[in-house]
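All remarks here apply to the structure that follows.
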Amino acid sequence: MNPTVSSRPGYDQALVDWLWNFGNVLRDNGTSGLEYIEQLASLIVLKRAHEQRQRPLNGQDVLGFDAWAQLTSTERDHLVPVYEQILDLLAARPGTLGLLFRRAQNRIPDPALLHRLIVDVVDRHQGSAGDIGAVFEALLVRMSTDTKTGAGQYFTPRPLIEAIVQCVQPGIDDTVADPACGTGGFLIKAFDYLVDHFPSGVTAAQRKRLDQGAFFGTELVDATARLATTNLVLHGVTRADEAHPCITVGDALARPPVKRATLVLTNPPFGRRSTSDEPYREDFWTLTTNRQLNFLQHIHSLLETDGRAAVVVPDSVLFEGGPGELIRRRLLSACDVHTLLRLPTGIFYAAGLKASVLFFDKPDPRPDGSPSTTRLWVYDLRSPHTATAKPMTEAGPDYCDFVSAYRPGRPRSERVETPRFRSFAVQELLARSGVNLDLQVAAPPHGPFALEEPEADLHRMAQDISAELGAALAEFAALAEALRPYGVDADSPDREAER
C-alpha cells in the first residue's frame, strides 16, 4: 500500500446506467439484480487479472493462467462450461482469491447472454482500478433498492458512512474492523479517508502493517462476502493475491475475537436472531437473543484499550428492558459513550425504521470504579422538521452540521449546545428508568433544551414492530433468492406423477 492521492475519483454515470440497463435484460430472463452484480463482480476480477498480466512493466500473474483470454476466445456455444470450470477452479484457491470466488456459480445459463456480458459489457470498458471501483460501488447503491432480494439490508447509505468516518478520523496507526461488513462500505470509506490524509514520514513498519491486516471484517452471507471482497480489491484496500483475506465469512457473534481493533465501524443487521438460541460467550455481560445488543457486547470485546467505535443501532437498543438495561448500564461504565446521533426515519431499506449512531471509546477502567462515561452528547437530526428523510438512493440528510458540532479531533469540552445538540451527565442517564437512552432534544417552544420523554404509545410500538417485521421479511426474501437454484419445478413430470 502506497497511497499518495485520493482514491475516490469520479465515475462515468453513463457507464453505470449502461451496466445497470444490461442487468434489466438479464432480469427479464430470470437473473435477479443481486445475481447480476455477483456475475459482474466475478468477471471484473478476471478482467483486472488479465490487465495486470498484460502490463508491459511490473506485470503480475495473479491467477496463474489467463482466464479472461480463455473466455474471450471461447466460442459462444461452449462458453458456459468453460466459465463454470474457471469458477470452480478459482473457488478452490487459498486466500483472498478463493474468497473472491467462494461458492460462486454461473447464474446466466443462456450462452448468448453470457457472451454479451463478457464481450459487449465487461471487455469494452477500459479504465483505472479506481474508476471501476467507483462504478462498482455505484452499482451496489442501485442494488440496495432491490426490495425483492432484500439487498438493502447489506448496505449502509454512503453519506452517513462518510460523516461517521469524518468524525472518528482513521489514522495511520489504526486497525479498522467491521464485524458485520456487508458490502464493505465502512472499510472502504475509512481507507479513502486515510489515503486523503496520508501523513509524511511513514515508517517501513507502518507501511507493512497497513499492507497486512490494518483493515478486516466479518460477513455472515457468502454472496455478500464476495461482493465486499471484490469491492475492497477494486478500491485498493487489499489485493486479490493476498494469502490471508481481510474478510472472514461467518457469524461474528459465535466466538470471542481472535484479533482486536483500535477502530470499529459497523451497522449490524437489524432484527432478532432467527432461532431462540442465545450465543454463549464468557466475555459477554449477559445472554440475549437481540443481535444488536450482542453486537454492542462483541464490539466492546473487539476493541483494544483506548480504541473507539461508531455503531448504527435501531432505537430499540436505546430503551429495551431486561438484558438491554444491563448492557446499557455496563456500556456506560466500561466505555466513554460520548455521542448519540439520532437519524431521520426512512434512510434505510426497512420502511419506518428508526435508528441512531452510538459513538464510544474504551479507556482503561477508572481507579475509583466510577463510570468511564461523563457526558453523552445527543444530536437530533430527527426534530423538528426532518422526521422523515429521503431514501438512501436519493439526496439524504445533510450531515455537515453534525460533523461540525462533533468537532472531530478537538476536545469535547469545546462543544457548544444548540437546539439540536445537548449533553446529559452520566448520573442523569443512570438515574433514568431502565437506563433509557432514547433521548430527544426538543426544539422551541418547549424550551431551549427541553428533554422529551420517549413516547411509550401504541403508535410507536406498532412502528417498531413493523420495522422488525419488514427486516425479517427482507431476510426471508434474500434466503428465498439464495435457495432458488435448489428449488423443484412444481410442473415437472415427477410432480405430476405424484398428483
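Within each chain, counting starts at residue 1; across the C-alpha cells, chains are named A, B, ... in the order shown, with ligands numbered 1 upward in that order.
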For this session: Fewer than 3 positions away in the same chain doesn't count, so skip those; otherwise give me all residues within 10 Å of A:Arg329, counting only C-alpha atoms, as a ChimeraX atom specification.
Result: /A:323-326,332-334,371,429-430,434-436
Filtering to N, CA, C and O atoms, could you give me those residues as an mmCIF file, in the first residue's frame?
```
data_model
loop_
_atom_site.group_PDB
_atom_site.id
_atom_site.type_symbol
_atom_site.label_atom_id
_atom_site.label_comp_id
_atom_site.auth_asym_id
_atom_site.auth_seq_id
_atom_site.Cartn_x
_atom_site.Cartn_y
_atom_site.Cartn_z
ATOM 1 N N PRO A 323 -32.185 -7.572 29.511
ATOM 2 C CA PRO A 323 -30.755 -7.533 29.183
ATOM 3 C C PRO A 323 -30.308 -6.188 28.615
ATOM 4 O O PRO A 323 -29.165 -5.770 28.812
ATOM 5 N N GLY A 324 -31.235 -5.502 27.923
ATOM 6 C CA GLY A 324 -30.882 -4.207 27.345
ATOM 7 C C GLY A 324 -30.474 -3.203 28.402
ATOM 8 O O GLY A 324 -29.498 -2.462 28.234
ATOM 9 N N GLU A 325 -31.226 -3.158 29.512
ATOM 10 C CA GLU A 325 -30.884 -2.235 30.595
ATOM 11 C C GLU A 325 -29.511 -2.564 31.179
ATOM 12 O O GLU A 325 -28.688 -1.666 31.404
ATOM 13 N N LEU A 326 -29.242 -3.845 31.402
ATOM 14 C CA LEU A 326 -27.952 -4.234 31.971
ATOM 15 C C LEU A 326 -26.809 -3.859 31.039
ATOM 16 O O LEU A 326 -25.770 -3.346 31.477
ATOM 17 N N LEU A 332 -22.068 2.165 29.686
ATOM 18 C CA LEU A 332 -21.779 3.487 30.231
ATOM 19 C C LEU A 332 -20.649 3.434 31.238
ATOM 20 O O LEU A 332 -19.884 4.394 31.384
ATOM 21 N N SER A 333 -20.533 2.306 31.944
ATOM 22 C CA SER A 333 -19.481 2.166 32.951
ATOM 23 C C SER A 333 -18.133 1.825 32.326
ATOM 24 O O SER A 333 -17.116 2.443 32.652
ATOM 25 N N ALA A 334 -18.129 0.852 31.393
ATOM 26 C CA ALA A 334 -16.867 0.365 30.833
ATOM 27 C C ALA A 334 -16.320 1.253 29.728
ATOM 28 O O ALA A 334 -15.127 1.246 29.454
ATOM 29 N N PRO A 371 -18.019 5.478 36.502
ATOM 30 C CA PRO A 371 -18.246 5.213 35.080
ATOM 31 C C PRO A 371 -17.246 5.943 34.180
ATOM 32 O O PRO A 371 -16.849 7.076 34.468
ATOM 33 N N LEU A 429 -28.268 9.960 33.260
ATOM 34 C CA LEU A 429 -28.604 8.801 32.431
ATOM 35 C C LEU A 429 -28.838 7.563 33.289
ATOM 36 O O LEU A 429 -29.792 6.805 33.068
ATOM 37 N N LEU A 430 -27.959 7.327 34.255
ATOM 38 C CA LEU A 430 -28.078 6.138 35.093
ATOM 39 C C LEU A 430 -29.314 6.206 35.982
ATOM 40 O O LEU A 430 -29.844 5.174 36.404
ATOM 41 N N GLY A 434 -34.778 2.308 33.720
ATOM 42 C CA GLY A 434 -34.253 1.364 32.736
ATOM 43 C C GLY A 434 -33.012 1.844 32.027
ATOM 44 O O GLY A 434 -32.634 1.288 30.998
ATOM 45 N N VAL A 435 -32.340 2.878 32.556
ATOM 46 C CA VAL A 435 -31.184 3.497 31.873
ATOM 47 C C VAL A 435 -31.569 3.783 30.419
ATOM 48 O O VAL A 435 -30.867 3.438 29.470
ATOM 49 N N ASN A 436 -32.702 4.397 30.259
ATOM 50 C CA ASN A 436 -33.269 4.676 28.945
ATOM 51 C C ASN A 436 -32.468 5.774 28.251
ATOM 52 O O ASN A 436 -32.378 6.897 28.753
#
```
For this session: Run DSSP on the backbone and grab whatever in stretch 92-211 of chain A lands in alpha helix (DSSP H); send it over as a PyMOL selection string.
Result: chain A and resi 95-100+111-115+129-143+158-168+185-196+204-211
For this session: Would you mind reading off the distance between atom CA of A:Gln212 and atom CA of A:Tyr193, one decimal, in Å?
Result: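 Taking atom CA of A:Gln212 and atom CA of A:Tyr193, their separation equals 18.2 Å.
Across the structure, atom CA of A:Thr31 and atom CA of A:Leu114 are spaced 11.4 Å apart.
Nearest-residue note for A:Gln105: choosing from A:Ala180, A:Leu63, A:Ala223, A:Ala228, the minimum distance belongs to A:Ala223, counting only C-alpha atoms.
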Problem set entry | Surrounding residues of A:Asp12 excluding itself and chain neighbours under 3 positions, 8 Å, only C-alpha atoms, as an MDAnalysis selection string | chainID A and resid 15:16 135
Exercise. Which residues, written as a list in words, have at least one atom at most 12 Å from A:Gln52, with only C-alpha atoms counted and residues fewer than 2 positions away on the same chain left out?
Worked result: Val45, Leu46, Lys47, Arg48, Ala49, His50, Gln54, Arg55, Pro56, Leu57, Asn58, Gly59, Gln60, Asp61, Val62, Leu63, Gly64, Phe65, Asp66, Trp68, Ser128, Ala129, Arg239, Ala240 and Asp241 of chain A
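Every residue of stretch 24-240 of chain A found in strand (DSSP E or B) when DSSP is run on the backbone appears here: Val176, Ala177, Asp178, Phe215, Phe216, Gly217, Thr218 and Glu219 of chain A.
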Problem set entry | Non-local contacts of A:Ile37 (8 Å; only C-alpha atoms; under 4 positions in same chain excluded) as number ranges by chain | A: 33, 41, 139-140, 143
Exercise. Excluding same-chain residues fewer than 3 positions from A:His300, what lies within 9 Å of it counting only C-alpha atoms, as a list in words?
Worked result: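 Skipping anything fewer than 3 positions along the chain leaves Phe284, Phe295, Leu296, Gln297, Leu303, Glu304, Ala309, Leu331, Ala334, Cys335 and Lys362 of chain A.
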Hey, can you spit out that residue selection with N, CA and C atoms as a compact mmCIF listing (two decimals), in the first residue's frame?
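Okay, out03.txt is ready:
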```
# COMPACT_ATOMS: atom_id res chain seq x y z
N PHE A 284 -19.18 -11.90 27.28
CA PHE A 284 -20.39 -11.08 27.24
C PHE A 284 -20.87 -10.78 28.66
N PHE A 295 -24.12 -7.42 19.52
CA PHE A 295 -23.04 -6.76 18.79
C PHE A 295 -22.38 -5.67 19.64
N LEU A 296 -23.15 -4.97 20.45
CA LEU A 296 -22.55 -3.99 21.35
C LEU A 296 -21.56 -4.67 22.29
N GLN A 297 -21.95 -5.84 22.84
CA GLN A 297 -21.05 -6.58 23.72
C GLN A 297 -19.83 -7.07 22.94
N LEU A 303 -12.64 -4.22 20.76
CA LEU A 303 -11.83 -3.00 20.86
C LEU A 303 -10.60 -3.19 21.73
N GLU A 304 -9.48 -2.65 21.27
CA GLU A 304 -8.30 -2.51 22.10
C GLU A 304 -8.58 -1.45 23.17
N ALA A 309 -15.25 3.46 18.73
CA ALA A 309 -16.23 2.76 17.90
C ALA A 309 -17.35 3.71 17.52
N LEU A 331 -22.20 -0.65 29.53
CA LEU A 331 -21.51 0.11 28.48
C LEU A 331 -21.15 1.50 28.97
N ALA A 334 -18.13 0.85 31.39
CA ALA A 334 -16.87 0.36 30.83
C ALA A 334 -16.32 1.25 29.73
N CYS A 335 -17.19 2.00 29.06
CA CYS A 335 -16.78 2.82 27.91
C CYS A 335 -17.20 4.27 28.12
N LYS A 362 -13.10 3.16 24.51
CA LYS A 362 -12.86 2.15 25.54
C LYS A 362 -11.57 2.50 26.29
```
Problem set entry | Selection: 8 Å around A:Leu26, only C-alpha atoms, excl. self and same-chain fewer than 6 positions, as a PyMOL selection string | chain A and resi 32+36+108+113
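Nearest-residue note for A:Gly95: choosing from A:Ala67, A:Val165, A:Cys246, A:Ile118, the minimum distance belongs to A:Cys246, counting only C-alpha atoms.
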